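Colleague: Got a file for you: final_30.cif, mmCIF, N, CA and C atoms.
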data_start
#
loop_
_atom_site.group_PDB
_atom_site.id
_atom_site.type_symbol
_atom_site.label_atom_id
_atom_site.label_comp_id
_atom_site.auth_asym_id
_atom_site.auth_seq_id
_atom_site.Cartn_x
_atom_site.Cartn_y
_atom_site.Cartn_z
ATOM 1 N N MET J 870 -75.012 -38.509 -45.385
ATOM 2 C CA MET J 870 -75.575 -39.177 -46.535
ATOM 3 C C MET J 870 -75.057 -40.607 -46.634
ATOM 4 N N LYS J 871 -73.778 -40.806 -46.325
ATOM 5 C CA LYS J 871 -73.189 -42.137 -46.429
ATOM 6 C C LYS J 871 -73.849 -43.111 -45.450
ATOM 7 N N SER J 872 -74.227 -42.672 -44.264
ATOM 8 C CA SER J 872 -74.846 -43.572 -43.304
ATOM 9 C C SER J 872 -76.210 -44.059 -43.798
ATOM 10 N N LYS J 873 -76.902 -43.258 -44.602
ATOM 11 C CA LYS J 873 -78.178 -43.682 -45.150
ATOM 12 C C LYS J 873 -77.980 -44.835 -46.130
ATOM 13 N N ILE J 874 -76.939 -44.771 -46.933
ATOM 14 C CA ILE J 874 -76.639 -45.839 -47.875
ATOM 15 C C ILE J 874 -76.269 -47.108 -47.112
ATOM 16 N N ASP J 875 -75.471 -46.980 -46.070
ATOM 17 C CA ASP J 875 -75.092 -48.136 -45.266
ATOM 18 C C ASP J 875 -76.311 -48.759 -44.605
ATOM 19 N N THR J 876 -77.226 -47.942 -44.122
ATOM 20 C CA THR J 876 -78.436 -48.436 -43.493
ATOM 21 C C THR J 876 -79.292 -49.187 -44.506
ATOM 22 N N GLN J 877 -79.420 -48.631 -45.698
ATOM 23 C CA GLN J 877 -80.195 -49.304 -46.734
ATOM 24 C C GLN J 877 -79.546 -50.630 -47.119
ATOM 25 N N ALA J 878 -78.238 -50.665 -47.199
ATOM 26 C CA ALA J 878 -77.534 -51.900 -47.546
ATOM 27 C C ALA J 878 -77.743 -52.955 -46.464
ATOM 28 N N LEU J 879 -77.700 -52.547 -45.208
ATOM 29 C CA LEU J 879 -77.928 -53.488 -44.115
ATOM 30 C C LEU J 879 -79.357 -54.026 -44.123
ATOM 31 N N ILE J 880 -80.299 -53.159 -44.415
ATOM 32 C CA ILE J 880 -81.699 -53.586 -44.481
ATOM 33 C C ILE J 880 -81.892 -54.568 -45.628
ATOM 34 N N MET J 881 -81.308 -54.278 -46.785
ATOM 35 C CA MET J 881 -81.417 -55.201 -47.925
ATOM 36 C C MET J 881 -80.741 -56.536 -47.621
ATOM 37 N N MET J 882 -79.602 -56.495 -46.942
ATOM 38 C CA MET J 882 -78.919 -57.724 -46.581
ATOM 39 C C MET J 882 -79.784 -58.551 -45.628
ATOM 40 N N ALA J 883 -80.439 -57.902 -44.695
ATOM 41 C CA ALA J 883 -81.314 -58.601 -43.765
ATOM 42 C C ALA J 883 -82.513 -59.205 -44.488
ATOM 43 N N ILE J 884 -83.096 -58.466 -45.411
ATOM 44 C CA ILE J 884 -84.257 -58.972 -46.161
ATOM 45 C C ILE J 884 -83.842 -60.164 -47.021
ATOM 46 N N ILE J 885 -82.720 -60.039 -47.718
ATOM 47 C CA ILE J 885 -82.227 -61.156 -48.537
ATOM 48 C C ILE J 885 -81.914 -62.350 -47.644
ATOM 49 N N GLY J 886 -81.331 -62.098 -46.477
ATOM 50 C CA GLY J 886 -81.036 -63.175 -45.534
ATOM 51 C C GLY J 886 -82.289 -63.878 -45.053
ATOM 52 N N LEU J 887 -83.339 -63.106 -44.759
ATOM 53 C CA LEU J 887 -84.603 -63.705 -44.323
ATOM 54 C C LEU J 887 -85.207 -64.577 -45.426
ATOM 55 N N VAL J 888 -85.224 -64.057 -46.631
ATOM 56 C CA VAL J 888 -85.792 -64.811 -47.750
ATOM 57 C C VAL J 888 -84.977 -66.080 -47.998
ATOM 58 N N ALA J 889 -83.660 -65.948 -48.023
ATOM 59 C CA ALA J 889 -82.800 -67.102 -48.272
ATOM 60 C C ALA J 889 -82.919 -68.133 -47.157
ATOM 61 N N GLY J 890 -82.957 -67.673 -45.917
ATOM 62 C CA GLY J 890 -83.121 -68.588 -44.785
ATOM 63 C C GLY J 890 -84.453 -69.308 -44.829
ATOM 64 N N PHE J 891 -85.508 -68.584 -45.216
ATOM 65 C CA PHE J 891 -86.830 -69.206 -45.333
ATOM 66 C C PHE J 891 -86.830 -70.251 -46.444
ATOM 67 N N LEU J 892 -86.276 -69.898 -47.601
ATOM 68 C CA LEU J 892 -86.234 -70.848 -48.719
ATOM 69 C C LEU J 892 -85.420 -72.088 -48.357
ATOM 70 N N ALA J 893 -84.314 -71.897 -47.666
ATOM 71 C CA ALA J 893 -83.500 -73.035 -47.239
ATOM 72 C C ALA J 893 -84.274 -73.908 -46.259
ATOM 73 N N SER J 894 -85.039 -73.290 -45.363
ATOM 74 C CA SER J 894 -85.803 -74.075 -44.398
ATOM 75 C C SER J 894 -86.920 -74.855 -45.082
ATOM 76 N N VAL J 895 -87.484 -74.301 -46.147
ATOM 77 C CA VAL J 895 -88.501 -75.030 -46.906
ATOM 78 C C VAL J 895 -87.877 -76.255 -47.567
ATOM 79 N N LEU J 896 -86.658 -76.099 -48.067
ATOM 80 C CA LEU J 896 -86.007 -77.190 -48.797
ATOM 81 C C LEU J 896 -85.402 -78.250 -47.876
ATOM 82 N N VAL J 897 -84.824 -77.853 -46.745
ATOM 83 C CA VAL J 897 -84.152 -78.824 -45.878
ATOM 84 C C VAL J 897 -84.741 -78.882 -44.471
ATOM 85 N N GLY J 898 -85.739 -78.083 -44.179
ATOM 86 C CA GLY J 898 -86.385 -78.104 -42.875
ATOM 87 C C GLY J 898 -85.807 -77.077 -41.921
ATOM 88 N N GLY J 899 -86.606 -76.669 -40.978
ATOM 89 C CA GLY J 899 -86.193 -75.690 -39.984
ATOM 90 C C GLY J 899 -87.283 -74.652 -39.793
ATOM 91 N N SER J 900 -87.136 -73.852 -38.742
ATOM 92 C CA SER J 900 -88.132 -72.815 -38.491
ATOM 93 C C SER J 900 -87.546 -71.754 -37.570
ATOM 94 N N GLY J 901 -88.229 -70.631 -37.493
ATOM 95 C CA GLY J 901 -87.833 -69.551 -36.609
ATOM 96 C C GLY J 901 -87.267 -68.368 -37.343
ATOM 97 N N LEU J 902 -87.815 -67.197 -37.086
ATOM 98 C CA LEU J 902 -87.421 -65.976 -37.781
ATOM 99 C C LEU J 902 -85.951 -65.647 -37.563
ATOM 100 N N VAL J 903 -85.484 -65.747 -36.329
ATOM 101 C CA VAL J 903 -84.080 -65.436 -36.034
ATOM 102 C C VAL J 903 -83.168 -66.443 -36.727
ATOM 103 N N ARG J 904 -83.585 -67.692 -36.724
ATOM 104 C CA ARG J 904 -82.800 -68.721 -37.392
ATOM 105 C C ARG J 904 -82.735 -68.483 -38.898
ATOM 106 N N TYR J 905 -83.855 -68.054 -39.495
ATOM 107 C CA TYR J 905 -83.869 -67.712 -40.918
ATOM 108 C C TYR J 905 -82.849 -66.620 -41.208
ATOM 109 N N LEU J 906 -82.889 -65.567 -40.387
ATOM 110 C CA LEU J 906 -82.012 -64.421 -40.599
ATOM 111 C C LEU J 906 -80.545 -64.816 -40.483
ATOM 112 N N ILE J 907 -80.207 -65.506 -39.420
ATOM 113 C CA ILE J 907 -78.807 -65.894 -39.196
ATOM 114 C C ILE J 907 -78.327 -66.847 -40.286
ATOM 115 N N THR J 908 -79.149 -67.846 -40.590
ATOM 116 C CA THR J 908 -78.778 -68.817 -41.620
ATOM 117 C C THR J 908 -78.626 -68.149 -42.983
ATOM 118 N N GLY J 909 -79.538 -67.244 -43.305
ATOM 119 C CA GLY J 909 -79.490 -66.568 -44.595
ATOM 120 C C GLY J 909 -78.290 -65.652 -44.746
ATOM 121 N N ILE J 910 -77.977 -64.917 -43.698
ATOM 122 C CA ILE J 910 -76.839 -63.989 -43.773
ATOM 123 C C ILE J 910 -75.521 -64.760 -43.843
ATOM 124 N N ILE J 911 -75.372 -65.773 -42.997
ATOM 125 C CA ILE J 911 -74.162 -66.596 -43.077
ATOM 126 C C ILE J 911 -74.121 -67.314 -44.425
ATOM 127 N N GLY J 912 -75.295 -67.766 -44.865
ATOM 128 C CA GLY J 912 -75.390 -68.458 -46.142
ATOM 129 C C GLY J 912 -74.989 -67.604 -47.323
ATOM 130 N N SER J 913 -75.217 -66.305 -47.238
ATOM 131 C CA SER J 913 -74.828 -65.432 -48.348
ATOM 132 C C SER J 913 -73.313 -65.423 -48.527
ATOM 133 N N PHE J 914 -72.593 -65.424 -47.417
ATOM 134 C CA PHE J 914 -71.127 -65.476 -47.505
ATOM 135 C C PHE J 914 -70.661 -66.846 -47.986
ATOM 136 N N VAL J 915 -71.240 -67.900 -47.412
ATOM 137 C CA VAL J 915 -70.857 -69.262 -47.776
ATOM 138 C C VAL J 915 -71.198 -69.538 -49.243
ATOM 139 N N GLY J 916 -72.393 -69.135 -49.667
ATOM 140 C CA GLY J 916 -72.803 -69.354 -51.053
ATOM 141 C C GLY J 916 -71.926 -68.605 -52.034
ATOM 142 N N GLY J 917 -71.640 -67.356 -51.722
ATOM 143 C CA GLY J 917 -70.764 -66.572 -52.589
ATOM 144 C C GLY J 917 -69.383 -67.183 -52.684
ATOM 145 N N PHE J 918 -68.849 -67.632 -51.546
ATOM 146 C CA PHE J 918 -67.521 -68.257 -51.533
ATOM 147 C C PHE J 918 -67.540 -69.568 -52.310
ATOM 148 N N ALA J 919 -68.554 -70.404 -52.066
ATOM 149 C CA ALA J 919 -68.618 -71.722 -52.703
ATOM 150 C C ALA J 919 -68.785 -71.603 -54.221
ATOM 151 N N LEU J 920 -69.680 -70.727 -54.655
ATOM 152 C CA LEU J 920 -69.893 -70.573 -56.098
ATOM 153 C C LEU J 920 -68.666 -69.963 -56.770
ATOM 154 N N ASN J 921 -68.017 -69.018 -56.097
ATOM 155 C CA ASN J 921 -66.807 -68.410 -56.644
ATOM 156 C C ASN J 921 -65.673 -69.431 -56.713
ATOM 157 N N LEU J 922 -65.542 -70.245 -55.675
ATOM 158 C CA LEU J 922 -64.480 -71.248 -55.614
ATOM 159 C C LEU J 922 -64.645 -72.295 -56.709
ATOM 160 N N THR J 923 -65.880 -72.708 -56.956
ATOM 161 C CA THR J 923 -66.133 -73.731 -57.971
ATOM 162 C C THR J 923 -66.279 -73.159 -59.371
ATOM 163 N N GLY J 924 -66.375 -71.837 -59.482
ATOM 164 C CA GLY J 924 -66.497 -71.200 -60.788
ATOM 165 C C GLY J 924 -67.889 -71.308 -61.386
ATOM 166 N N ILE J 925 -68.882 -71.582 -60.550
ATOM 167 C CA ILE J 925 -70.251 -71.733 -61.038
ATOM 168 C C ILE J 925 -70.889 -70.358 -61.175
ATOM 169 N N ASN J 926 -71.479 -70.102 -62.332
ATOM 170 C CA ASN J 926 -72.237 -68.884 -62.573
ATOM 171 C C ASN J 926 -73.694 -69.297 -62.743
ATOM 172 N N LEU J 927 -74.566 -68.783 -61.914
ATOM 173 C CA LEU J 927 -75.964 -69.169 -61.964
ATOM 174 C C LEU J 927 -76.662 -68.670 -63.222
ATOM 175 N N GLY J 928 -76.139 -67.630 -63.835
ATOM 176 C CA GLY J 928 -76.711 -67.121 -65.076
ATOM 177 C C GLY J 928 -78.044 -66.421 -64.903
ATOM 178 N N ILE J 929 -78.307 -65.931 -63.713
ATOM 179 C CA ILE J 929 -79.552 -65.207 -63.450
ATOM 180 C C ILE J 929 -79.297 -63.737 -63.752
ATOM 181 N N GLY J 930 -80.081 -63.173 -64.647
ATOM 182 C CA GLY J 930 -79.867 -61.794 -65.084
ATOM 183 C C GLY J 930 -80.219 -60.752 -64.040
ATOM 184 N N ASN J 931 -81.196 -61.027 -63.209
ATOM 185 C CA ASN J 931 -81.625 -60.088 -62.179
ATOM 186 C C ASN J 931 -80.687 -60.213 -60.980
ATOM 187 N N SER J 932 -80.033 -59.121 -60.586
ATOM 188 C CA SER J 932 -79.036 -59.198 -59.508
ATOM 189 C C SER J 932 -79.661 -59.560 -58.164
ATOM 190 N N LEU J 933 -80.869 -59.087 -57.880
ATOM 191 C CA LEU J 933 -81.525 -59.428 -56.614
ATOM 192 C C LEU J 933 -81.844 -60.920 -56.566
ATOM 193 N N ALA J 934 -82.382 -61.452 -57.650
ATOM 194 C CA ALA J 934 -82.679 -62.886 -57.712
ATOM 195 C C ALA J 934 -81.399 -63.708 -57.616
ATOM 196 N N ASN J 935 -80.329 -63.229 -58.217
ATOM 197 C CA ASN J 935 -79.044 -63.913 -58.141
ATOM 198 C C ASN J 935 -78.528 -63.929 -56.702
ATOM 199 N N GLN J 936 -78.651 -62.816 -56.001
ATOM 200 C CA GLN J 936 -78.213 -62.750 -54.608
ATOM 201 C C GLN J 936 -79.042 -63.684 -53.734
ATOM 202 N N ILE J 937 -80.339 -63.722 -53.964
ATOM 203 C CA ILE J 937 -81.208 -64.602 -53.176
ATOM 204 C C ILE J 937 -80.868 -66.058 -53.452
ATOM 205 N N ALA J 938 -80.675 -66.424 -54.715
ATOM 206 C CA ALA J 938 -80.340 -67.809 -55.057
ATOM 207 C C ALA J 938 -78.991 -68.208 -54.463
ATOM 208 N N THR J 939 -78.003 -67.335 -54.569
ATOM 209 C CA THR J 939 -76.680 -67.612 -54.006
ATOM 210 C C THR J 939 -76.765 -67.762 -52.491
ATOM 211 N N SER J 940 -77.497 -66.872 -51.840
ATOM 212 C CA SER J 940 -77.656 -66.940 -50.390
ATOM 213 C C SER J 940 -78.408 -68.193 -49.971
ATOM 214 N N THR J 941 -79.400 -68.592 -50.748
ATOM 215 C CA THR J 941 -80.158 -69.800 -50.428
ATOM 216 C C THR J 941 -79.280 -71.040 -50.549
ATOM 217 N N ILE J 942 -78.466 -71.105 -51.582
ATOM 218 C CA ILE J 942 -77.535 -72.230 -51.732
ATOM 219 C C ILE J 942 -76.588 -72.277 -50.532
ATOM 220 N N GLY J 943 -76.061 -71.133 -50.152
ATOM 221 C CA GLY J 943 -75.172 -71.073 -48.993
ATOM 222 C C GLY J 943 -75.881 -71.445 -47.705
ATOM 223 N N ALA J 944 -77.126 -71.007 -47.544
ATOM 224 C CA ALA J 944 -77.891 -71.331 -46.339
ATOM 225 C C ALA J 944 -78.158 -72.833 -46.254
ATOM 226 N N ILE J 945 -78.422 -73.452 -47.385
ATOM 227 C CA ILE J 945 -78.613 -74.904 -47.401
ATOM 228 C C ILE J 945 -77.329 -75.607 -46.971
ATOM 229 N N ILE J 946 -76.205 -75.140 -47.467
ATOM 230 C CA ILE J 946 -74.912 -75.708 -47.070
ATOM 231 C C ILE J 946 -74.701 -75.539 -45.568
ATOM 232 N N VAL J 947 -75.015 -74.351 -45.043
ATOM 233 C CA VAL J 947 -74.848 -74.084 -43.608
ATOM 234 C C VAL J 947 -75.732 -75.013 -42.784
ATOM 235 N N VAL J 948 -76.985 -75.172 -43.177
ATOM 236 C CA VAL J 948 -77.912 -76.041 -42.426
ATOM 237 C C VAL J 948 -77.425 -77.488 -42.438
ATOM 238 N N ILE J 949 -77.012 -77.959 -43.603
ATOM 239 C CA ILE J 949 -76.543 -79.351 -43.703
ATOM 240 C C ILE J 949 -75.274 -79.553 -42.855
ATOM 241 N N LEU J 950 -74.343 -78.626 -42.935
ATOM 242 C CA LEU J 950 -73.129 -78.725 -42.121
ATOM 243 C C LEU J 950 -73.439 -78.683 -40.621
ATOM 244 N N ALA J 951 -74.389 -77.826 -40.225
ATOM 245 C CA ALA J 951 -74.775 -77.733 -38.819
ATOM 246 C C ALA J 951 -75.384 -79.042 -38.339
ATOM 247 N N ARG J 952 -76.160 -79.684 -39.196
ATOM 248 C CA ARG J 952 -76.761 -80.962 -38.821
ATOM 249 C C ARG J 952 -75.714 -82.066 -38.728
ATOM 250 N N ILE J 953 -74.717 -82.022 -39.587
ATOM 251 C CA ILE J 953 -73.651 -83.010 -39.533
ATOM 252 C C ILE J 953 -72.852 -82.859 -38.235
ATOM 253 N N VAL J 954 -72.533 -81.602 -37.878
ATOM 254 C CA VAL J 954 -71.744 -81.336 -36.682
ATOM 255 C C VAL J 954 -72.540 -81.668 -35.415
ATOM 256 N N ALA J 955 -73.821 -81.358 -35.419
ATOM 257 C CA ALA J 955 -74.662 -81.604 -34.230
ATOM 258 C C ALA J 955 -74.990 -83.054 -34.185
#
Re-express the file's structure as structure tokens.
Modeller:
Amino acid sequence: MKSKIDTQALIMMAIIGLVAGFLASVLVGGSGLVRYLITGIIGSFVGGFALNLTGINLGIGNSLANQIATSTIGAIIVVILARIVA
């Protein structure tokens, strides 16, 4: 039973990552499904860390929308940092 919950969590993380990566690419440019996924998943960690570090609360009542917004902010940070480094 526990593996089913883990599988569902991984699927939700991938879906949120895809959405966040797509939204970030719309805002700062980019393309590619794999790139969306990678950027979104890394962005979820970066966004969560950055918002927690700065003490910013987005104030979004819906937890899914909050996760997507946080991941999108992180994905934008990841894309901008990648462009600076490259």
Colleague: Could you tell me how far atom CA of Ala934 of chain J lies from atom C of Ile880 of chain J, in Å and to one decimal?
Modeller: 14.7 Å
Colleague: So, with all atoms listed in the file as the atoms that count, which of J:Ile925, J:Gly886, J:Ser900, J:Thr908 lies closest to Val948 of chain J?
Modeller: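 Closest candidate: J:Thr908.
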Colleague: Quick one: residues within 12 Å of Arg952 of chain J, only C-alpha atoms, excluding same-chain residues fewer than 4 positions away - as number ranges by chain?
Modeller: J: 897-899, 945-948
Colleague: Select all residues near (-74.3, -71.5, -46.4) (cut-off 5 Å, inclusive, file coordinates), counting only N, CA and C atoms, and output them as a PDB file with N, CA and C atoms, in the coordinates of the input.
Modeller:
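So the final result, stored in selection-v9.pdb, reads:
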ATOM      1  N   ILE J 911     -75.372 -65.773 -42.997  1.00  0.00           N
ATOM      2  CA  ILE J 911     -74.162 -66.596 -43.077  1.00  0.00           C
ATOM      3  C   ILE J 911     -74.121 -67.314 -44.425  1.00  0.00           C
ATOM      4  N   GLY J 912     -75.295 -67.766 -44.865  1.00  0.00           N
ATOM      5  CA  GLY J 912     -75.390 -68.458 -46.142  1.00  0.00           C
ATOM      6  C   GLY J 912     -74.989 -67.604 -47.323  1.00  0.00           C
ATOM      7  N   VAL J 915     -71.240 -67.900 -47.412  1.00  0.00           N
ATOM      8  CA  VAL J 915     -70.857 -69.262 -47.776  1.00  0.00           C
ATOM      9  C   VAL J 915     -71.198 -69.538 -49.243  1.00  0.00           C
ATOM     10  N   GLY J 916     -72.393 -69.135 -49.667  1.00  0.00           N
ATOM     11  CA  GLY J 916     -72.803 -69.354 -51.053  1.00  0.00           C
ATOM     12  C   GLY J 916     -71.926 -68.605 -52.034  1.00  0.00           C
ATOM     13  N   ILE J 942     -78.466 -71.105 -51.582  1.00  0.00           N
ATOM     14  CA  ILE J 942     -77.535 -72.230 -51.732  1.00  0.00           C
ATOM     15  C   ILE J 942     -76.588 -72.277 -50.532  1.00  0.00           C
ATOM     16  N   GLY J 943     -76.061 -71.133 -50.152  1.00  0.00           N
ATOM     17  CA  GLY J 943     -75.172 -71.073 -48.993  1.00  0.00           C
ATOM     18  C   GLY J 943     -75.881 -71.445 -47.705  1.00  0.00           C
ATOM     19  N   ALA J 944     -77.126 -71.007 -47.544  1.00  0.00           N
ATOM     20  CA  ALA J 944     -77.891 -71.331 -46.339  1.00  0.00           C
ATOM     21  C   ALA J 944     -78.158 -72.833 -46.254  1.00  0.00           C
ATOM     22  N   ILE J 945     -78.422 -73.452 -47.385  1.00  0.00           N
ATOM     23  CA  ILE J 945     -78.613 -74.904 -47.401  1.00  0.00           C
ATOM     24  C   ILE J 945     -77.329 -75.607 -46.971  1.00  0.00           C
ATOM     25  N   ILE J 946     -76.205 -75.140 -47.467  1.00  0.00           N
ATOM     26  CA  ILE J 946     -74.912 -75.708 -47.070  1.00  0.00           C
ATOM     27  C   ILE J 946     -74.701 -75.539 -45.568  1.00  0.00           C
ATOM     28  N   VAL J 947     -75.015 -74.351 -45.043  1.00  0.00           N
ATOM     29  CA  VAL J 947     -74.848 -74.084 -43.608  1.00  0.00           C
ATOM     30  C   VAL J 947     -75.732 -75.013 -42.784  1.00  0.00           C
TER      31      VAL J 947
END
Colleague: If the PyMOL selection byres ((chain J and resi 888) around 7) were run on this exact file, what residues would it hold? Put them as an mmCIF file with N, CA and C atoms, in the frame of the given file.
Modeller:
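What ended up in selection.cif:
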data_model
loop_
_atom_site.group_PDB
_atom_site.id
_atom_site.type_symbol
_atom_site.label_atom_id
_atom_site.label_comp_id
_atom_site.auth_asym_id
_atom_site.auth_seq_id
_atom_site.Cartn_x
_atom_site.Cartn_y
_atom_site.Cartn_z
ATOM 1 N N ALA J 883 -80.439 -57.902 -44.695
ATOM 2 C CA ALA J 883 -81.314 -58.601 -43.765
ATOM 3 C C ALA J 883 -82.513 -59.205 -44.488
ATOM 4 N N ILE J 884 -83.096 -58.466 -45.411
ATOM 5 C CA ILE J 884 -84.257 -58.972 -46.161
ATOM 6 C C ILE J 884 -83.842 -60.164 -47.021
ATOM 7 N N ILE J 885 -82.720 -60.039 -47.718
ATOM 8 C CA ILE J 885 -82.227 -61.156 -48.537
ATOM 9 C C ILE J 885 -81.914 -62.350 -47.644
ATOM 10 N N GLY J 886 -81.331 -62.098 -46.477
ATOM 11 C CA GLY J 886 -81.036 -63.175 -45.534
ATOM 12 C C GLY J 886 -82.289 -63.878 -45.053
ATOM 13 N N LEU J 887 -83.339 -63.106 -44.759
ATOM 14 C CA LEU J 887 -84.603 -63.705 -44.323
ATOM 15 C C LEU J 887 -85.207 -64.577 -45.426
ATOM 16 N N ALA J 889 -83.660 -65.948 -48.023
ATOM 17 C CA ALA J 889 -82.800 -67.102 -48.272
ATOM 18 C C ALA J 889 -82.919 -68.133 -47.157
ATOM 19 N N GLY J 890 -82.957 -67.673 -45.917
ATOM 20 C CA GLY J 890 -83.121 -68.588 -44.785
ATOM 21 C C GLY J 890 -84.453 -69.308 -44.829
ATOM 22 N N PHE J 891 -85.508 -68.584 -45.216
ATOM 23 C CA PHE J 891 -86.830 -69.206 -45.333
ATOM 24 C C PHE J 891 -86.830 -70.251 -46.444
ATOM 25 N N LEU J 892 -86.276 -69.898 -47.601
ATOM 26 C CA LEU J 892 -86.234 -70.848 -48.719
ATOM 27 C C LEU J 892 -85.420 -72.088 -48.357
ATOM 28 N N ALA J 893 -84.314 -71.897 -47.666
ATOM 29 C CA ALA J 893 -83.500 -73.035 -47.239
ATOM 30 C C ALA J 893 -84.274 -73.908 -46.259
ATOM 31 N N TYR J 905 -83.855 -68.054 -39.495
ATOM 32 C CA TYR J 905 -83.869 -67.712 -40.918
ATOM 33 C C TYR J 905 -82.849 -66.620 -41.208
ATOM 34 N N LEU J 906 -82.889 -65.567 -40.387
ATOM 35 C CA LEU J 906 -82.012 -64.421 -40.599
ATOM 36 C C LEU J 906 -80.545 -64.816 -40.483
ATOM 37 N N GLY J 909 -79.538 -67.244 -43.305
ATOM 38 C CA GLY J 909 -79.490 -66.568 -44.595
ATOM 39 C C GLY J 909 -78.290 -65.652 -44.746
ATOM 40 N N ILE J 937 -80.339 -63.722 -53.964
ATOM 41 C CA ILE J 937 -81.208 -64.602 -53.176
ATOM 42 C C ILE J 937 -80.868 -66.058 -53.452
ATOM 43 N N THR J 941 -79.400 -68.592 -50.748
ATOM 44 C CA THR J 941 -80.158 -69.800 -50.428
ATOM 45 C C THR J 941 -79.280 -71.040 -50.549
#
Colleague: So what do you get for atom N of Ala919 of chain J versus atom N of Met882 of chain J, distance-wise?
Modeller: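 Taking atom N of Ala919 of chain J as the start and atom N of Met882 of chain J as the end point, the length is 18.5 Å.
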